[in-house]
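Pasting work-v4.cif here (mmCIF, C-alpha atoms):
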data_my_file
loop_
_atom_site.label_atom_id
_atom_site.label_comp_id
_atom_site.auth_asym_id
_atom_site.auth_seq_id
_atom_site.Cartn_x
_atom_site.Cartn_y
_atom_site.Cartn_z
CA MET A 1 0.00 0.00 0.00
CA GLU A 2 1.36 3.38 -1.01
CA VAL A 3 1.15 6.10 1.66
CA ARG A 4 0.76 9.76 0.71
CA HIS A 5 1.12 12.57 3.22
CA ALA A 6 -1.15 15.59 3.45
CA SER A 7 -0.37 18.73 1.42
CA SER A 8 -1.12 22.39 2.05
CA PRO A 9 -2.12 25.04 -0.52
CA GLU A 10 1.33 26.56 -0.14
CA ASP A 11 2.90 23.22 -1.08
CA VAL A 12 0.87 23.08 -4.27
CA ASP A 13 1.90 26.61 -5.26
CA ARG A 14 5.49 25.36 -5.55
CA MET A 15 4.79 22.10 -7.39
CA GLY A 16 5.43 21.39 -11.04
CA THR A 17 3.39 19.01 -13.17
CA GLU A 18 5.15 15.81 -12.20
CA GLU A 19 5.07 16.55 -8.47
CA LEU A 20 1.36 17.44 -8.65
CA ARG A 21 0.66 14.18 -10.43
CA GLY A 22 2.74 12.21 -7.96
CA ARG A 23 0.98 13.73 -4.95
CA PHE A 24 -2.68 13.78 -6.05
CA LEU A 25 -3.16 11.55 -9.11
CA VAL A 26 -3.60 7.78 -8.74
CA PRO A 27 -3.24 6.42 -12.30
CA GLY A 28 -4.43 3.07 -13.62
CA LEU A 29 -6.04 2.12 -10.33
CA VAL A 30 -8.03 -0.88 -11.62
CA ALA A 31 -5.49 -2.07 -14.19
CA GLY A 32 -4.08 -4.97 -12.19
CA ALA A 33 -5.25 -8.41 -11.11
CA MET A 34 -4.06 -7.73 -7.55
CA VAL A 35 -5.58 -5.13 -5.25
CA ARG A 36 -3.72 -1.82 -5.40
CA LEU A 37 -4.20 0.54 -2.43
CA VAL A 38 -3.23 4.16 -1.75
CA TYR A 39 -3.52 5.63 1.76
CA SER A 40 -3.96 9.41 1.97
CA HIS A 41 -3.36 11.31 5.20
CA HIS A 42 -6.12 13.68 4.09
CA ASP A 43 -8.91 12.33 6.34
CA ARG A 44 -7.11 8.96 6.20
CA LEU A 45 -8.97 7.86 3.09
CA VAL A 46 -7.83 4.69 1.34
CA VAL A 47 -8.60 4.19 -2.35
CA GLY A 48 -7.97 1.02 -4.27
CA GLY A 49 -8.82 -1.03 -7.30
CA VAL A 50 -8.64 -4.48 -8.83
CA THR A 51 -9.62 -6.33 -12.01
CA PRO A 52 -9.69 -9.96 -10.84
CA GLY A 53 -9.97 -11.73 -14.21
CA THR A 54 -10.58 -15.46 -13.86
CA GLU A 55 -9.42 -15.78 -10.25
CA SER A 56 -10.93 -14.54 -6.99
CA VAL A 57 -8.80 -11.87 -5.32
CA ALA A 58 -8.89 -11.20 -1.57
CA LEU A 59 -8.77 -7.76 0.03
CA PRO A 60 -5.33 -7.61 1.67
CA ASN A 61 -4.47 -6.24 5.09
CA PRO A 62 -1.44 -3.94 4.63
CA GLY A 63 0.89 -3.64 7.59
CA ALA A 64 0.63 0.16 7.49
CA LEU A 65 -2.92 -0.09 8.88
CA ARG A 66 -1.64 -1.74 12.07
CA SER A 67 -4.85 -3.76 12.32
CA GLU A 68 -5.73 -7.43 12.65
CA TYR A 69 -7.73 -7.24 9.40
CA PHE A 70 -8.50 -4.46 6.91
CA LEU A 71 -11.96 -3.57 8.21
CA GLU A 72 -11.21 -3.87 11.92
CA ARG A 73 -11.57 -0.08 12.27
CA ARG A 74 -12.73 0.82 8.75
CA GLU A 75 -15.68 0.66 6.37
CA LEU A 76 -15.56 0.12 2.61
CA GLY A 77 -17.43 1.23 -0.49
CA VAL A 78 -17.13 -0.88 -3.67
CA VAL A 79 -18.31 0.11 -7.16
CA ASN A 80 -18.15 -2.17 -10.19
CA VAL A 81 -16.60 0.07 -12.85
CA GLY A 82 -16.14 -2.76 -15.35
CA THR A 83 -18.25 -4.00 -18.24
CA ALA A 84 -19.66 -7.22 -16.79
CA THR A 85 -21.43 -8.35 -13.63
CA GLY A 86 -19.07 -9.44 -10.87
CA ARG A 87 -19.28 -11.04 -7.45
CA VAL A 88 -18.03 -9.77 -4.08
CA THR A 89 -17.92 -12.19 -1.16
CA VAL A 90 -18.10 -10.81 2.38
CA ASP A 91 -17.57 -13.31 5.20
CA GLY A 92 -19.05 -16.07 3.05
CA GLU A 93 -22.05 -14.10 1.73
CA GLN A 94 -22.04 -13.38 -2.00
CA PHE A 95 -23.22 -10.14 -3.61
CA GLU A 96 -23.60 -9.70 -7.37
CA LEU A 97 -22.66 -6.28 -8.70
CA ALA A 98 -23.61 -5.18 -12.21
CA PRO A 99 -21.69 -2.29 -13.80
CA LYS A 100 -22.05 0.96 -11.80
CA GLU A 101 -23.66 -0.85 -8.85
CA CYS A 102 -22.40 -0.36 -5.29
CA LEU A 103 -21.67 -2.49 -2.24
CA TYR A 104 -21.14 -1.08 1.24
CA VAL A 105 -19.14 -3.28 3.62
CA GLY A 106 -19.41 -2.35 7.29
CA ARG A 107 -16.77 -2.27 9.98
CA GLY A 108 -15.91 -5.69 11.37
CA ALA A 109 -16.16 -7.74 8.16
CA ARG A 110 -13.09 -9.98 8.10
CA ASP A 111 -12.92 -11.61 4.68
CA VAL A 112 -13.67 -9.74 1.45
CA ALA A 113 -12.93 -11.14 -2.03
CA PHE A 114 -13.57 -9.95 -5.58
CA ALA A 115 -14.38 -12.10 -8.63
CA GLY A 116 -15.89 -11.92 -12.09
CA HIS A 117 -14.32 -11.87 -15.54
CA GLY A 118 -14.97 -8.44 -17.09
CA ALA A 119 -15.68 -6.82 -13.72
CA SER A 120 -13.40 -4.14 -12.25
CA TYR A 121 -13.78 -2.82 -8.73
CA TYR A 122 -13.05 0.64 -7.38
CA LEU A 123 -12.64 0.74 -3.59
CA VAL A 124 -12.90 3.60 -1.08
CA SER A 125 -12.40 3.15 2.65
CA THR A 126 -12.67 5.53 5.60
CA PRO A 127 -12.14 5.05 9.34
CA ALA A 128 -15.37 4.01 11.08
CA HIS A 129 -16.48 4.65 14.66
CA ALA A 130 -19.63 2.51 14.29
CA ALA A 131 -20.62 -0.69 12.48
CA TYR A 132 -23.41 -0.65 9.87
CA PRO A 133 -24.79 -3.63 7.91
CA THR A 134 -23.29 -4.65 4.60
CA ARG A 135 -25.70 -3.63 1.81
CA CYS A 136 -25.84 -3.68 -1.97
CA ALA A 137 -27.59 -1.14 -4.22
CA GLY A 138 -28.16 -0.74 -7.96
CA LEU A 139 -28.90 2.28 -10.11
CA ALA A 140 -32.64 1.86 -9.57
CA ASP A 141 -32.16 2.05 -5.79
CA ALA A 142 -30.20 5.30 -5.82
CA GLU A 143 -32.99 7.87 -6.38
CA PRO A 144 -31.29 9.47 -9.42
CA VAL A 145 -31.04 13.26 -9.51
CA LYS A 146 -30.78 15.00 -12.88
CA LEU A 147 -28.76 18.23 -13.00
CA GLY A 148 -27.34 20.61 -15.58
CA GLY A 149 -28.34 20.85 -19.21
CA ILE A 150 -27.22 20.80 -22.80
CA GLU A 151 -26.70 24.57 -22.81
CA GLY A 152 -23.96 24.22 -20.17
CA SER A 153 -22.50 20.97 -21.57
CA ASN A 154 -23.18 19.42 -18.16
CA GLU A 155 -26.36 17.34 -18.43
CA ARG A 156 -25.78 14.57 -15.90
CA THR A 157 -27.47 12.07 -13.59
CA ILE A 158 -26.27 11.68 -10.01
CA TYR A 159 -26.79 8.35 -8.26
CA LYS A 160 -26.32 8.72 -4.50
CA TYR A 161 -25.55 5.36 -2.90
CA ILE A 162 -23.93 5.77 0.51
CA HIS A 163 -25.38 8.76 2.38
CA LEU A 164 -27.68 9.70 5.25
CA ASN A 165 -30.87 8.82 3.35
CA GLY A 166 -29.47 5.82 1.49
CA ILE A 167 -27.04 3.13 2.60
CA ARG A 168 -26.01 4.19 6.09
CA SER A 169 -22.35 4.42 7.03
CA SER A 170 -20.18 5.79 9.78
CA GLN A 171 -18.67 8.59 7.68
CA LEU A 172 -18.29 7.43 4.07
CA VAL A 173 -20.39 9.20 1.40
CA LEU A 174 -20.31 7.81 -2.14
CA GLY A 175 -22.13 7.98 -5.45
CA VAL A 176 -21.79 7.77 -9.22
CA THR A 177 -22.35 10.55 -11.75
CA VAL A 178 -23.04 9.75 -15.41
CA LEU A 179 -22.76 12.48 -18.05
CA ALA A 180 -25.13 12.46 -21.02
CA PRO A 181 -23.75 12.27 -24.59
CA GLY A 182 -22.65 15.73 -25.65
CA SER A 183 -21.97 16.84 -22.06
CA MET A 184 -18.45 17.10 -20.66
CA TRP A 185 -18.43 19.42 -17.61
CA ASN A 186 -18.90 17.88 -14.18
CA THR A 187 -19.59 19.69 -10.89
CA MET A 188 -19.81 23.18 -12.35
CA PRO A 189 -20.08 25.61 -10.66
CA CYS A 190 -17.48 23.91 -8.51
CA HIS A 191 -17.09 24.01 -4.75
CA VAL A 192 -14.91 23.17 -1.78
CA HIS A 193 -15.94 21.58 1.49
CA ASP A 194 -13.50 22.41 4.24
CA ARG A 195 -14.69 19.59 6.47
CA ARG A 196 -14.22 16.68 4.04
CA THR A 197 -11.75 15.19 1.60
CA GLU A 198 -13.16 13.98 -1.74
CA VAL A 199 -11.78 11.60 -4.33
CA TYR A 200 -12.95 11.38 -7.96
CA PHE A 201 -12.49 8.22 -10.01
CA TYR A 202 -13.07 8.63 -13.76
CA PHE A 203 -14.28 5.72 -15.92
CA ASP A 204 -16.31 4.88 -19.04
CA LEU A 205 -13.84 7.02 -20.97
CA PRO A 206 -12.24 5.62 -24.17
CA ALA A 207 -8.51 5.04 -24.03
CA ASP A 208 -7.75 7.88 -26.45
CA GLN A 209 -9.79 10.48 -24.53
CA ARG A 210 -8.96 12.54 -21.41
CA VAL A 211 -10.46 14.65 -18.62
CA VAL A 212 -8.90 17.98 -17.62
CA HIS A 213 -9.39 18.00 -13.84
CA LEU A 214 -9.14 21.31 -11.96
CA MET A 215 -7.75 21.38 -8.42
CA GLY A 216 -6.17 23.84 -6.01
CA ARG A 217 -7.45 26.96 -4.31
CA PRO A 218 -10.29 28.67 -6.17
CA ASP A 219 -8.11 31.73 -6.79
CA ALA A 220 -5.05 29.69 -7.84
CA THR A 221 -6.25 26.64 -9.73
CA ARG A 222 -4.03 23.95 -11.22
CA ASN A 223 -4.92 21.16 -13.62
CA LEU A 224 -4.24 17.47 -14.05
CA ILE A 225 -4.87 15.47 -17.23
CA LEU A 226 -6.58 12.17 -16.37
CA ALA A 227 -7.40 9.01 -18.30
CA GLY A 228 -10.17 6.56 -17.65
CA GLY A 229 -9.27 4.43 -14.63
CA ASP A 230 -7.46 7.30 -12.87
CA ALA A 231 -8.40 8.70 -9.47
CA VAL A 232 -7.55 12.12 -8.05
CA ILE A 233 -7.41 13.13 -4.38
CA SER A 234 -8.99 16.50 -3.55
CA PRO A 235 -8.00 17.95 -0.13
CA PRO A 236 -10.65 19.94 1.78
CA TRP A 237 -9.22 23.28 0.58
CA SER A 238 -9.22 22.27 -3.09
CA VAL A 239 -11.82 22.68 -5.81
CA HIS A 240 -12.62 19.57 -7.82
CA CYS A 241 -14.25 19.65 -11.22
CA GLY A 242 -13.36 18.74 -14.75
CA PHE A 243 -14.05 18.84 -18.46
CA GLY A 244 -13.69 15.83 -20.73
CA THR A 245 -12.96 15.48 -24.40
CA ARG A 246 -16.21 13.47 -24.47
CA ASN A 247 -18.82 12.28 -21.95
CA TYR A 248 -17.83 9.83 -19.19
CA ALA A 249 -18.78 8.70 -15.69
CA PHE A 250 -17.12 9.16 -12.33
CA VAL A 251 -17.36 7.91 -8.76
CA TRP A 252 -17.27 10.60 -6.09
CA ALA A 253 -16.51 9.63 -2.51
CA MET A 254 -15.94 11.64 0.65
CA GLY A 255 -14.90 11.24 4.25
CA GLY A 256 -14.43 13.74 7.04
CA GLU A 257 -16.25 15.77 9.66
CA ASN A 258 -19.82 15.11 8.53
CA GLN A 259 -22.05 13.48 5.90
CA ALA A 260 -24.15 16.51 4.94
CA TYR A 261 -24.33 16.48 1.14
CA ASP A 262 -24.94 20.23 1.00
CA ASP A 263 -22.09 21.22 3.35
CA VAL A 264 -20.17 22.97 0.58
CA GLU A 265 -18.86 26.41 -0.31
CA VAL A 266 -19.86 27.04 -3.92
CA VAL A 267 -17.35 28.96 -6.03
CA ALA A 268 -18.85 31.22 -8.68
CA VAL A 269 -17.46 30.64 -12.16
CA GLN A 270 -16.29 34.26 -12.43
CA ASP A 271 -14.28 33.90 -9.20
CA LEU A 272 -12.07 31.08 -10.49
CA ARG A 273 -8.49 32.01 -11.29
#

Write the structure described by the file as structure tokens, please.
Amino acid sequence: MEVRHASSPEDVDRMGTEELRGRFLVPGLVAGAMVRLVYSHHDRLVVGGVTPGTESVALPNPGALRSEYFLERRELGVVNVGTATGRVTVDGEQFELAPKECLYVGRGARDVAFAGHGASYYLVSTPAHAAYPTRCAGLADAEPVKLGGIEGSNERTIYKYIHLNGIRSSQLVLGVTVLAPGSMWNTMPCHVHDRRTEVYFYFDLPADQRVVHLMGRPDATRNLILAGGDAVISPPWSVHCGFGTRNYAFVWAMGGENQAYDDVEVVAVQDLR
């Protein structure tokens, strides 16, 4: 498991492209047949990914967690970002996940494994102070919210999975946003939320296309160029939004002080620098 330390706005002001990418970008997260994990000291989020292929792959327990098993003090969100239905086994119970469907695994689950040829799994884990039941949800269960429009190139559907009125968790909040054909902007106008760290994972993007992801302070933005299968860590002080060369989907996930979906500070478009 790779460990990344927290960064301040002043740190980012001094970073060049490669250092920015090395600190905040997690490329090719679901490219391997073994679970890859990255631990961020921003709210102690862990992101990971795996494409199991023909074999079942177990969730490891990295020594850096200093725990008896991965979910001893943590909870986990899993989204199938592949092209085929897969299977996640939690302490002997099997859950089928179609593409874009979500599984929440509560604190205390000991054995988690991923399987399914054509399935790829994106993982997000946060520390948990309470244990909630493991639950699965599909797109039809997520009470989709439609936002934006063609005139702003941001017509999109938001599927909220793990939140106060959906799958309950200790602190993890997670959902999937799908952009309509012809729309490329996500999360615009953008925002920051000083009490939470957020991670975006981009997928359903052809290999020859990219997303320009904006980050940094609203008055001193920077950009990262992302491919499908890349994740980007957004500290609480950073904006997070992007524009693709075509439509795509992304998983958004947060952890921090609270779970209030509307606890944000919106940044007006004209105030971005």

For Met1 in chain A: contacts at 7 Å, only C-alpha atoms, fewer than 4 positions along chain excluded, given as a JSON list (two decimals) with C-alpha atoms, keeping the file's coordinate frame:
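As written to disk, around.json reads:
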[["chain", "number", "residue", "atom", "x", "y", "z"],
["A", 36, "ARG", "CA", -3.72, -1.82, -5.40],
["A", 37, "LEU", "CA", -4.20, 0.54, -2.43],
["A", 38, "VAL", "CA", -3.23, 4.16, -1.75],
["A", 39, "TYR", "CA", -3.52, 5.63, 1.76],
["A", 62, "PRO", "CA", -1.44, -3.94, 4.63]]

Legend entry - Cut-off 10 Å around (-30.5, 0.6, -6.2) with only C-alpha atoms: residues as an MDAnalysis selection string: chainID A and resid 101:102 136:144 159:161 166:167

Next, write the just-selected residues to a file, as a PDB file, in the coordinates of the input, keeping C-alpha atoms as the atom set.
ATOM      1  CA  GLU A 101     -23.660  -0.850  -8.850  1.00  0.00           C
ATOM      2  CA  CYS A 102     -22.400  -0.360  -5.290  1.00  0.00           C
ATOM      3  CA  CYS A 136     -25.840  -3.680  -1.970  1.00  0.00           C
ATOM      4  CA  ALA A 137     -27.590  -1.140  -4.220  1.00  0.00           C
ATOM      5  CA  GLY A 138     -28.160  -0.740  -7.960  1.00  0.00           C
ATOM      6  CA  LEU A 139     -28.900   2.280 -10.110  1.00  0.00           C
ATOM      7  CA  ALA A 140     -32.640   1.860  -9.570  1.00  0.00           C
ATOM      8  CA  ASP A 141     -32.160   2.050  -5.790  1.00  0.00           C
ATOM      9  CA  ALA A 142     -30.200   5.300  -5.820  1.00  0.00           C
ATOM     10  CA  GLU A 143     -32.990   7.870  -6.380  1.00  0.00           C
ATOM     11  CA  PRO A 144     -31.290   9.470  -9.420  1.00  0.00           C
ATOM     12  CA  TYR A 159     -26.790   8.350  -8.260  1.00  0.00           C
ATOM     13  CA  LYS A 160     -26.320   8.720  -4.500  1.00  0.00           C
ATOM     14  CA  TYR A 161     -25.550   5.360  -2.900  1.00  0.00           C
ATOM     15  CA  GLY A 166     -29.470   5.820   1.490  1.00  0.00           C
ATOM     16  CA  ILE A 167     -27.040   3.130   2.600  1.00  0.00           C
TER      17      ILE A 167
END

Just the residues within 8 Å of range 103-117 of chain A, please, counting only C-alpha atoms, with nothing from its chain fewer than 3 positions along; format it as a PDB file with C-alpha atoms, in the coordinates of the input.
ATOM      1  CA  PRO A  52      -9.690  -9.960 -10.840  1.00  0.00           C
ATOM      2  CA  GLY A  53      -9.970 -11.730 -14.210  1.00  0.00           C
ATOM      3  CA  THR A  54     -10.580 -15.460 -13.860  1.00  0.00           C
ATOM      4  CA  GLU A  55      -9.420 -15.780 -10.250  1.00  0.00           C
ATOM      5  CA  SER A  56     -10.930 -14.540  -6.990  1.00  0.00           C
ATOM      6  CA  VAL A  57      -8.800 -11.870  -5.320  1.00  0.00           C
ATOM      7  CA  ALA A  58      -8.890 -11.200  -1.570  1.00  0.00           C
ATOM      8  CA  LEU A  59      -8.770  -7.760   0.030  1.00  0.00           C
ATOM      9  CA  TYR A  69      -7.730  -7.240   9.400  1.00  0.00           C
ATOM     10  CA  PHE A  70      -8.500  -4.460   6.910  1.00  0.00           C
ATOM     11  CA  LEU A  71     -11.960  -3.570   8.210  1.00  0.00           C
ATOM     12  CA  GLU A  72     -11.210  -3.870  11.920  1.00  0.00           C
ATOM     13  CA  ARG A  73     -11.570  -0.080  12.270  1.00  0.00           C
ATOM     14  CA  ARG A  74     -12.730   0.820   8.750  1.00  0.00           C
ATOM     15  CA  GLU A  75     -15.680   0.660   6.370  1.00  0.00           C
ATOM     16  CA  LEU A  76     -15.560   0.120   2.610  1.00  0.00           C
ATOM     17  CA  GLY A  77     -17.430   1.230  -0.490  1.00  0.00           C
ATOM     18  CA  VAL A  78     -17.130  -0.880  -3.670  1.00  0.00           C
ATOM     19  CA  VAL A  79     -18.310   0.110  -7.160  1.00  0.00           C
ATOM     20  CA  ALA A  84     -19.660  -7.220 -16.790  1.00  0.00           C
ATOM     21  CA  THR A  85     -21.430  -8.350 -13.630  1.00  0.00           C
ATOM     22  CA  GLY A  86     -19.070  -9.440 -10.870  1.00  0.00           C
ATOM     23  CA  ARG A  87     -19.280 -11.040  -7.450  1.00  0.00           C
ATOM     24  CA  VAL A  88     -18.030  -9.770  -4.080  1.00  0.00           C
ATOM     25  CA  THR A  89     -17.920 -12.190  -1.160  1.00  0.00           C
ATOM     26  CA  VAL A  90     -18.100 -10.810   2.380  1.00  0.00           C
ATOM     27  CA  ASP A  91     -17.570 -13.310   5.200  1.00  0.00           C
ATOM     28  CA  GLY A  92     -19.050 -16.070   3.050  1.00  0.00           C
ATOM     29  CA  PHE A  95     -23.220 -10.140  -3.610  1.00  0.00           C
ATOM     30  CA  LEU A  97     -22.660  -6.280  -8.700  1.00  0.00           C
ATOM     31  CA  TYR A 121     -13.780  -2.820  -8.730  1.00  0.00           C
ATOM     32  CA  ALA A 128     -15.370   4.010  11.080  1.00  0.00           C
ATOM     33  CA  ALA A 130     -19.630   2.510  14.290  1.00  0.00           C
ATOM     34  CA  ALA A 131     -20.620  -0.690  12.480  1.00  0.00           C
ATOM     35  CA  TYR A 132     -23.410  -0.650   9.870  1.00  0.00           C
ATOM     36  CA  PRO A 133     -24.790  -3.630   7.910  1.00  0.00           C
ATOM     37  CA  THR A 134     -23.290  -4.650   4.600  1.00  0.00           C
ATOM     38  CA  ARG A 135     -25.700  -3.630   1.810  1.00  0.00           C
ATOM     39  CA  CYS A 136     -25.840  -3.680  -1.970  1.00  0.00           C
ATOM     40  CA  ALA A 137     -27.590  -1.140  -4.220  1.00  0.00           C
ATOM     41  CA  ILE A 162     -23.930   5.770   0.510  1.00  0.00           C
ATOM     42  CA  ILE A 167     -27.040   3.130   2.600  1.00  0.00           C
ATOM     43  CA  SER A 169     -22.350   4.420   7.030  1.00  0.00           C
TER      44      SER A 169
END

Target residues per the PyMOL selection byres ((chain A and resi 188) around 10), formatted as a PDB file with C-alpha atoms, in the coordinates of the input:
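Wrote it out as part-v4.pdb, contents follow:
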ATOM      1  CA  GLY A 148     -27.340  20.610 -15.580  1.00  0.00           C
ATOM      2  CA  GLY A 152     -23.960  24.220 -20.170  1.00  0.00           C
ATOM      3  CA  SER A 153     -22.500  20.970 -21.570  1.00  0.00           C
ATOM      4  CA  ASN A 154     -23.180  19.420 -18.160  1.00  0.00           C
ATOM      5  CA  TRP A 185     -18.430  19.420 -17.610  1.00  0.00           C
ATOM      6  CA  ASN A 186     -18.900  17.880 -14.180  1.00  0.00           C
ATOM      7  CA  THR A 187     -19.590  19.690 -10.890  1.00  0.00           C
ATOM      8  CA  PRO A 189     -20.080  25.610 -10.660  1.00  0.00           C
ATOM      9  CA  CYS A 190     -17.480  23.910  -8.510  1.00  0.00           C
ATOM     10  CA  HIS A 191     -17.090  24.010  -4.750  1.00  0.00           C
ATOM     11  CA  HIS A 240     -12.620  19.570  -7.820  1.00  0.00           C
ATOM     12  CA  CYS A 241     -14.250  19.650 -11.220  1.00  0.00           C
ATOM     13  CA  GLY A 242     -13.360  18.740 -14.750  1.00  0.00           C
ATOM     14  CA  PHE A 243     -14.050  18.840 -18.460  1.00  0.00           C
ATOM     15  CA  VAL A 266     -19.860  27.040  -3.920  1.00  0.00           C
ATOM     16  CA  VAL A 267     -17.350  28.960  -6.030  1.00  0.00           C
ATOM     17  CA  ALA A 268     -18.850  31.220  -8.680  1.00  0.00           C
ATOM     18  CA  VAL A 269     -17.460  30.640 -12.160  1.00  0.00           C
TER      19      VAL A 269
END

Inset, instruction - For CA of Phe24 in chain A and CA of Ser170 in chain A, determine how far apart the two atoms are, in Å to one decimal place. - result: 24.9 Å

Legend entry - Distance of CA of Gln171 in chain A from CA of Gln259 in chain A, expressed in Å to one decimal place: 6.2 Å

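Closest approach to Gly63 in chain A among A:Pro127, A:Thr197, A:Glu18, A:Val3: A:Val3, based on only C-alpha atoms.
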
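A cut-off of 10 Å from the point (-7.7, 18.6, 1.7), with only C-alpha atoms, picks out the residues Ala6, Ser7, Ser8, Pro9, Ser40, His41, His42, Asp43, Val192, His193, Asp194, Arg195, Arg196, Thr197, Glu198, Gly216, Ile233, Ser234, Pro235, Pro236, Trp237, Ser238, Val239 and Gly256 of chain A.
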
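Reported to one decimal place, the separation of CA of Ala249 in chain A from CA of Tyr122 in chain A is 12.9 Å.
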
Legend entry - Residues matched by the PyMOL selection byres ((chain A and resi 202) around 8), written as number ranges by chain: A: 200-201, 203-205, 226-231, 248-251
